[in-house]
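*Asks:* Structure file entry-v7.csv (CSV, C-alpha atoms) is given on the next line.
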chain,number,residue,atom,x,y,z
W,1,GLU,CA,-18.1,7.8,15.4
W,2,ALA,CA,-21.0,8.7,13.1
W,3,ALA,CA,-23.2,5.8,12.1
W,4,VAL,CA,-24.3,5.5,8.4
W,5,THR,CA,-26.1,2.3,7.4
W,6,GLN,CA,-26.7,1.3,3.8
W,7,SER,CA,-29.0,-1.3,2.4
W,8,PRO,CA,-28.8,-3.6,0.7
W,9,ARG,CA,-25.1,-4.6,0.8
W,10,ASN,CA,-25.3,-6.4,-2.5
W,11,LYS,CA,-27.9,-6.1,-5.3
W,12,VAL,CA,-28.3,-7.8,-8.6
W,13,ALA,CA,-30.8,-6.1,-11.0
W,14,VAL,CA,-31.9,-6.6,-14.5
W,15,THR,CA,-31.6,-4.0,-17.3
W,16,GLY,CA,-34.6,-1.7,-17.3
W,17,GLY,CA,-35.6,-2.6,-13.8
W,18,LYS,CA,-36.1,-0.1,-10.9
W,19,VAL,CA,-33.5,-0.1,-8.1
W,20,THR,CA,-33.7,1.8,-4.8
W,21,LEU,CA,-30.6,2.1,-2.6
W,22,SER,CA,-31.3,3.2,1.0
W,23,CYS,CA,-29.2,5.1,3.5
W,24,ASN,CA,-29.8,5.9,7.1
W,25,GLN,CA,-27.8,8.0,9.5
W,26,THR,CA,-28.4,8.4,13.2
W,27,ASN,CA,-26.2,11.4,14.0
W,28,ASN,CA,-28.5,14.2,13.0
W,29,HIS,CA,-26.2,15.4,10.2
W,30,ASN,CA,-27.7,17.9,7.8
W,31,ASN,CA,-25.8,16.9,4.7
W,32,MET,CA,-26.0,13.6,3.0
W,33,TYR,CA,-24.3,12.4,-0.2
W,34,TRP,CA,-24.4,9.6,-2.8
W,35,TYR,CA,-21.1,8.7,-4.5
W,36,ARG,CA,-20.2,5.9,-6.9
W,37,GLN,CA,-16.8,4.3,-7.0
W,38,ASP,CA,-15.3,2.7,-10.1
W,39,THR,CA,-11.7,1.7,-10.7
W,40,GLY,CA,-9.7,4.7,-12.0
W,41,HIS,CA,-12.4,7.2,-11.1
W,42,GLY,CA,-12.2,7.5,-7.3
W,43,LEU,CA,-15.5,8.7,-5.8
W,44,ARG,CA,-17.9,10.6,-8.1
W,45,LEU,CA,-20.7,12.6,-6.7
W,46,ILE,CA,-24.2,11.7,-7.9
W,47,HIS,CA,-26.7,13.6,-5.7
W,48,TYR,CA,-26.5,15.3,-2.3
W,49,SER,CA,-28.9,16.9,0.2
W,50,TYR,CA,-28.7,19.7,2.7
W,51,GLY,CA,-31.6,18.5,4.7
W,52,ALA,CA,-35.1,16.9,4.6
W,53,GLY,CA,-36.9,17.7,1.4
W,54,SER,CA,-33.8,19.0,-0.5
W,55,THR,CA,-31.9,17.2,-3.2
W,56,GLU,CA,-29.2,18.6,-5.4
W,57,LYS,CA,-27.4,17.3,-8.5
W,58,GLY,CA,-23.8,16.3,-8.3
W,59,ASP,CA,-21.3,15.7,-11.1
W,60,ILE,CA,-23.0,12.6,-12.6
W,61,PRO,CA,-26.8,12.8,-11.9
W,62,ASP,CA,-28.1,11.4,-15.2
W,63,GLY,CA,-30.0,8.2,-14.8
W,64,TYR,CA,-30.4,8.7,-11.0
W,65,LYS,CA,-32.9,10.3,-8.7
W,66,ALA,CA,-32.6,11.1,-5.0
W,67,SER,CA,-35.1,11.4,-2.2
W,68,ARG,CA,-34.6,12.9,1.3
W,69,PRO,CA,-37.9,12.4,3.1
W,70,SER,CA,-36.4,12.9,6.6
W,71,GLN,CA,-33.2,14.0,8.3
W,72,GLU,CA,-32.1,10.4,8.7
W,73,ASN,CA,-32.9,8.9,5.4
W,74,PHE,CA,-31.6,9.5,1.9
W,75,SER,CA,-32.4,7.2,-1.0
W,76,LEU,CA,-30.9,6.8,-4.5
W,77,ILE,CA,-33.3,5.6,-7.2
W,78,LEU,CA,-32.4,4.1,-10.5
W,79,GLU,CA,-35.7,4.2,-12.5
W,80,LEU,CA,-34.4,2.2,-15.5
W,81,ALA,CA,-31.2,0.5,-14.5
W,82,THR,CA,-28.5,0.0,-17.2
W,83,PRO,CA,-25.3,-2.1,-17.1
W,84,SER,CA,-23.2,1.1,-17.0
W,85,GLN,CA,-24.6,1.7,-13.5
W,86,THR,CA,-22.9,-1.4,-12.2
W,87,SER,CA,-20.7,0.0,-9.5
W,88,VAL,CA,-20.1,0.3,-5.8
W,89,TYR,CA,-22.3,3.0,-4.2
W,90,PHE,CA,-21.4,4.9,-1.1
W,91,CYS,CA,-23.6,7.1,1.1
W,92,ALA,CA,-22.1,9.6,3.4
W,93,SER,CA,-23.2,12.2,5.9
W,94,GLY,CA,-21.6,15.3,7.3
W,95,ASP,CA,-22.4,18.4,9.3
W,96,ALA,CA,-20.6,21.4,8.1
W,97,GLY,CA,-22.4,23.7,10.5
W,98,THR,CA,-21.4,27.3,9.6
W,99,SER,CA,-18.2,26.1,7.8
W,100,SER,CA,-17.8,24.2,4.6
W,101,ALA,CA,-15.1,22.1,6.1
W,102,GLU,CA,-16.9,19.0,7.2
W,103,THR,CA,-15.7,15.4,7.8
W,104,LEU,CA,-17.8,12.9,5.8
W,105,TYR,CA,-18.8,9.6,7.4
W,106,PHE,CA,-19.3,6.8,4.9
W,107,GLY,CA,-21.6,3.8,5.0
W,108,SER,CA,-20.2,0.3,4.1
W,109,GLY,CA,-21.3,0.6,0.5
W,110,THR,CA,-23.7,-1.2,-1.8
W,111,ARG,CA,-22.3,-3.3,-4.6
W,112,LEU,CA,-24.8,-3.1,-7.5
W,113,THR,CA,-24.6,-5.4,-10.6
W,114,VAL,CA,-27.0,-4.7,-13.5
W,115,LEU,CA,-27.3,-7.6,-15.9
H,1,GLN,CA,-12.4,17.2,-16.2
H,2,GLN,CA,-11.7,16.1,-12.7
H,3,LYS,CA,-11.3,18.9,-10.2
H,4,VAL,CA,-8.8,17.0,-8.2
H,5,GLN,CA,-5.8,15.1,-9.7
H,6,GLN,CA,-3.6,12.7,-7.8
H,7,SER,CA,-0.2,11.1,-8.5
H,8,PRO,CA,1.1,8.6,-8.7
H,9,GLU,CA,-1.7,6.1,-9.5
H,10,SER,CA,0.1,3.4,-7.6
H,11,LEU,CA,3.1,3.3,-5.3
H,12,ILE,CA,5.1,0.5,-3.8
H,13,VAL,CA,7.4,1.2,-0.8
H,14,PRO,CA,9.3,-1.2,1.5
H,15,GLU,CA,8.3,-1.6,5.1
H,16,GLY,CA,9.9,1.2,7.1
H,17,GLY,CA,10.3,3.4,4.0
H,18,MET,CA,8.8,6.8,3.2
H,19,ALA,CA,5.7,7.1,1.0
H,20,SER,CA,4.9,10.5,-0.7
H,21,LEU,CA,1.6,11.1,-2.4
H,22,ASN,CA,0.6,14.2,-4.3
H,23,CYS,CA,-2.6,16.0,-5.0
H,24,THR,CA,-3.5,19.1,-7.1
H,25,SER,CA,-6.7,20.9,-7.8
H,26,SER,CA,-7.6,22.6,-11.1
H,27,ASP,CA,-10.3,24.6,-9.4
H,28,ARG,CA,-9.2,28.1,-8.2
H,29,ASN,CA,-12.3,28.1,-5.9
H,30,VAL,CA,-10.9,25.3,-3.8
H,31,ASP,CA,-10.5,26.1,-0.1
H,32,TYR,CA,-9.8,23.0,2.0
H,33,PHE,CA,-8.1,19.7,1.3
H,34,TRP,CA,-8.7,16.4,2.9
H,35,TRP,CA,-7.0,13.0,2.8
H,36,TYR,CA,-9.2,9.9,3.2
H,37,ARG,CA,-7.9,6.3,3.5
H,38,GLN,CA,-9.7,3.3,2.1
H,39,HIS,CA,-8.6,-0.2,2.9
H,40,SER,CA,-9.5,-2.9,0.4
H,41,GLY,CA,-13.2,-3.8,0.6
H,42,LYS,CA,-13.9,-1.1,3.2
H,43,SER,CA,-15.4,2.4,3.1
H,44,PRO,CA,-13.2,5.6,3.1
H,45,LYS,CA,-12.3,7.1,6.4
H,46,MET,CA,-11.0,10.6,7.0
H,47,LEU,CA,-7.2,10.6,7.7
H,48,MET,CA,-6.1,14.2,7.8
H,49,SER,CA,-7.3,17.6,6.8
H,50,ILE,CA,-5.4,20.8,6.1
H,51,PHE,CA,-6.8,24.3,5.6
H,52,SER,CA,-3.8,26.6,5.9
H,53,ASN,CA,-0.5,26.9,4.1
H,54,GLY,CA,2.3,24.9,5.7
H,55,GLU,CA,2.6,21.6,7.3
H,56,LYS,CA,0.6,19.5,9.7
H,57,GLU,CA,1.9,16.4,11.5
H,58,GLU,CA,0.0,13.6,13.2
H,59,GLY,CA,2.2,10.7,14.2
H,60,ARG,CA,3.8,9.1,11.2
H,61,PHE,CA,1.7,11.2,8.8
H,62,THR,CA,2.6,14.7,7.5
H,63,VAL,CA,0.5,16.8,5.2
H,64,HIS,CA,1.8,19.9,3.3
H,65,LEU,CA,-0.3,22.5,1.6
H,66,ASN,CA,0.6,25.3,-0.8
H,67,LYS,CA,-2.6,27.3,-1.4
H,68,ALA,CA,-1.0,29.4,-4.2
H,69,SER,CA,-0.4,26.3,-6.3
H,70,LEU,CA,-3.4,24.4,-4.9
H,71,HIS,CA,-1.1,21.5,-4.2
H,72,THR,CA,-1.1,19.2,-1.2
H,73,SER,CA,1.0,16.2,-0.4
H,74,LEU,CA,0.8,13.4,2.2
H,75,HIS,CA,4.0,11.8,3.5
H,76,ILE,CA,4.0,8.6,5.5
H,77,ARG,CA,7.2,7.8,7.3
H,78,ASP,CA,8.2,4.3,8.7
H,79,SER,CA,5.5,2.8,6.4
H,80,GLN,CA,3.8,-0.3,7.7
H,81,PRO,CA,2.0,-3.1,5.8
H,82,SER,CA,-1.2,-1.9,7.5
H,83,ASP,CA,-0.8,1.4,5.6
H,84,SER,CA,-1.5,-0.4,2.4
H,85,ALA,CA,-4.7,1.2,1.1
H,86,LEU,CA,-6.2,3.6,-1.5
H,87,TYR,CA,-5.5,7.1,-0.5
H,88,LEU,CA,-8.1,9.6,-1.7
H,89,CYS,CA,-7.5,13.4,-1.8
H,90,ALA,CA,-10.5,15.6,-1.6
H,91,ALA,CA,-11.2,19.3,-1.9
H,92,TYR,CA,-14.0,21.7,-1.3
H,93,SER,CA,-15.0,24.2,-3.9
H,94,ASN,CA,-17.2,27.3,-3.3
H,95,TYR,CA,-20.2,25.1,-3.9
H,96,ASN,CA,-19.5,23.5,-0.5
H,97,VAL,CA,-19.3,20.1,-2.1
H,98,LEU,CA,-16.4,17.7,-1.6
H,99,TYR,CA,-14.7,16.4,-4.8
H,100,PHE,CA,-12.5,13.4,-4.7
H,101,GLY,CA,-9.5,12.5,-6.8
H,102,SER,CA,-9.0,9.0,-8.4
H,103,GLY,CA,-6.7,8.0,-5.6
H,104,THR,CA,-3.2,6.6,-5.1
H,105,LYS,CA,-3.0,2.9,-4.3
H,106,LEU,CA,-0.2,2.4,-1.8
H,107,THR,CA,1.4,-1.0,-1.2
H,108,VAL,CA,3.9,-1.5,1.6
H,109,GLU,CA,5.9,-4.6,1.1
H,110,PRO,CA,7.2,-6.5,4.2
If you convert what's in this file into structure tokens, what do you get?

*Replies:*
Amino acid sequence: EAAVTQSPRNKVAVTGGKVTLSCNQTNNHNNMYWYRQDTGHGLRLIHYSYGAGSTEKGDIPDGYKASRPSQENFSLILELATPSQTSVYFCASGDAGTSSAETLYFGSGTRLTVL
Amino acid sequence: QQKVQQSPESLIVPEGGMASLNCTSSDRNVDYFWWYRQHSGKSPKMLMSIFSNGEKEEGRFTVHLNKASLHTSLHIRDSQPSDSALYLCAAYSNYNVLYFGSGTKLTVEP
């Protein structure tokens, strides 16, 4: 099974501080995604990437930046963290190949609390 | 507005019973539907996918799809306590991005 590793597992940040969430996948998947999960909202897409050097905005990109420096790594950056960004963040990877029908493989999640 | 809507929000079934979960998309560009299962405190894992009209069965799990109405349903027969989880429906639009619904929380009572 695809391996997606997120770090840190838990993070407490202060309002206005900078937070970086990291994600690494070892399966050479082209596509990587950042979702946040809040009760009642399911998974909401923040940013995604089709490969090294590319980032695209998802449904809720405001307040977040993303970086894909290599095939394996995809980071989510909160330049000025706010309490509304308290959530559980999931990274996922997938390889659609020539089809848009891909299975996503999720990391274990990062629980972020912004005080 | 969410592209994928799920119902019910929560569902309680007795052990051995049948659980039926529903999912509809409001996006006419949707092509494929997926069902993911997320146990409490864990990450989502793909359960089943369906791309064509009709029915697909895998063990105790059956998925139906009606492409004309953009409606899919997941049925779990002989439900077990280990099936208790959040079930997330997801669909692809023509932007090749997967959108998730809010989920149905299933509780199977022994």

*Asks:* At a cut-off of 10 Å, can you tabulate as CSV every residue of chain W near chain H together with its closest atom pair and the distance in Å to one decimal, using only C-alpha atoms and ordering rows by chain then number?

*Replies:*
residue,atom,partner,partner_atom,distance
W:Asn31,CA,H:Val97,CA,9.9
W:Tyr33,CA,H:Val97,CA,9.4
W:Tyr35,CA,H:Phe100,CA,9.8
W:Gln37,CA,H:Ser102,CA,9.2
W:Asp38,CA,H:Ser102,CA,9.1
W:Thr39,CA,H:Ser102,CA,8.1
W:Gly40,CA,H:Ser102,CA,5.7
W:His41,CA,H:Ser102,CA,4.7
W:Gly42,CA,H:Ser102,CA,3.7
W:Leu43,CA,H:Phe100,CA,5.7
W:Arg44,CA,H:Phe100,CA,7.0
W:Leu45,CA,H:Tyr99,CA,7.4
W:Tyr48,CA,H:Val97,CA,8.7
W:Gly58,CA,H:Val97,CA,8.6
W:Asp59,CA,H:Tyr99,CA,9.2
W:Phe90,CA,H:Ser43,CA,7.7
W:Cys91,CA,H:Ser43,CA,9.7
W:Ala92,CA,H:Pro44,CA,9.8
W:Ala96,CA,H:Asn96,CA,8.9
W:Ser99,CA,H:Asn96,CA,8.8
W:Ser100,CA,H:Asn96,CA,5.4
W:Ala101,CA,H:Tyr32,CA,6.8
W:Glu102,CA,H:Leu98,CA,8.9
W:Thr103,CA,H:Met46,CA,6.8
W:Leu104,CA,H:Met46,CA,7.3
W:Tyr105,CA,H:Lys45,CA,7.0
W:Phe106,CA,H:Ser43,CA,6.1
W:Gly107,CA,H:Ser43,CA,6.6
W:Ser108,CA,H:Ser43,CA,5.3
W:Gly109,CA,H:Ser43,CA,6.7

*Asks:* Between W:Ile60, W:Ala66, W:Leu80, W:Leu21, single out the one closest to Gln6 in chain W, counting only C-alpha atoms.

*Replies:*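 Using only C-alpha atoms, the shortest distance to Gln6 in chain W belongs to W:Leu21.
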
*Asks:* Would you mind reading off the distance between CA of Val108 in chain H and CA of Leu11 in chain H, one decimal, in Å?

*Replies:*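 A separation of 8.4 Å between them.
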
*Asks:* Can you measure CA of Asn30 in chain W to CA of Gly51 in chain W for me? One decimal in Å is fine.

*Replies:*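 Distance between the two atoms: 5.0 Å.
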
*Asks:* To one decimal in Å, tell me the separation between CA of Leu21 in chain H and CA of Glu58 in chain H.

*Replies:* 15.9 Å

*Asks:* Which residues are near Phe74 in chain W? Cut-off 6 Å, only C-alpha atoms, ignore same chain within fewer than 5 positions. Put them as a list in words.

*Replies:* Cys23, Ser67 and Arg68 of chain W

*Asks:* Around the point (-32.8, -0.9, -2.7), in the coordinates given by the file, pick out the residues reaching within 7 Å, counting only C-alpha atoms, and return them as a list in words.

*Replies:*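 Protein and nucleic acid residues near the point are Ser7, Pro8, Val19, Thr20, Leu21 and Ser22 of chain W.
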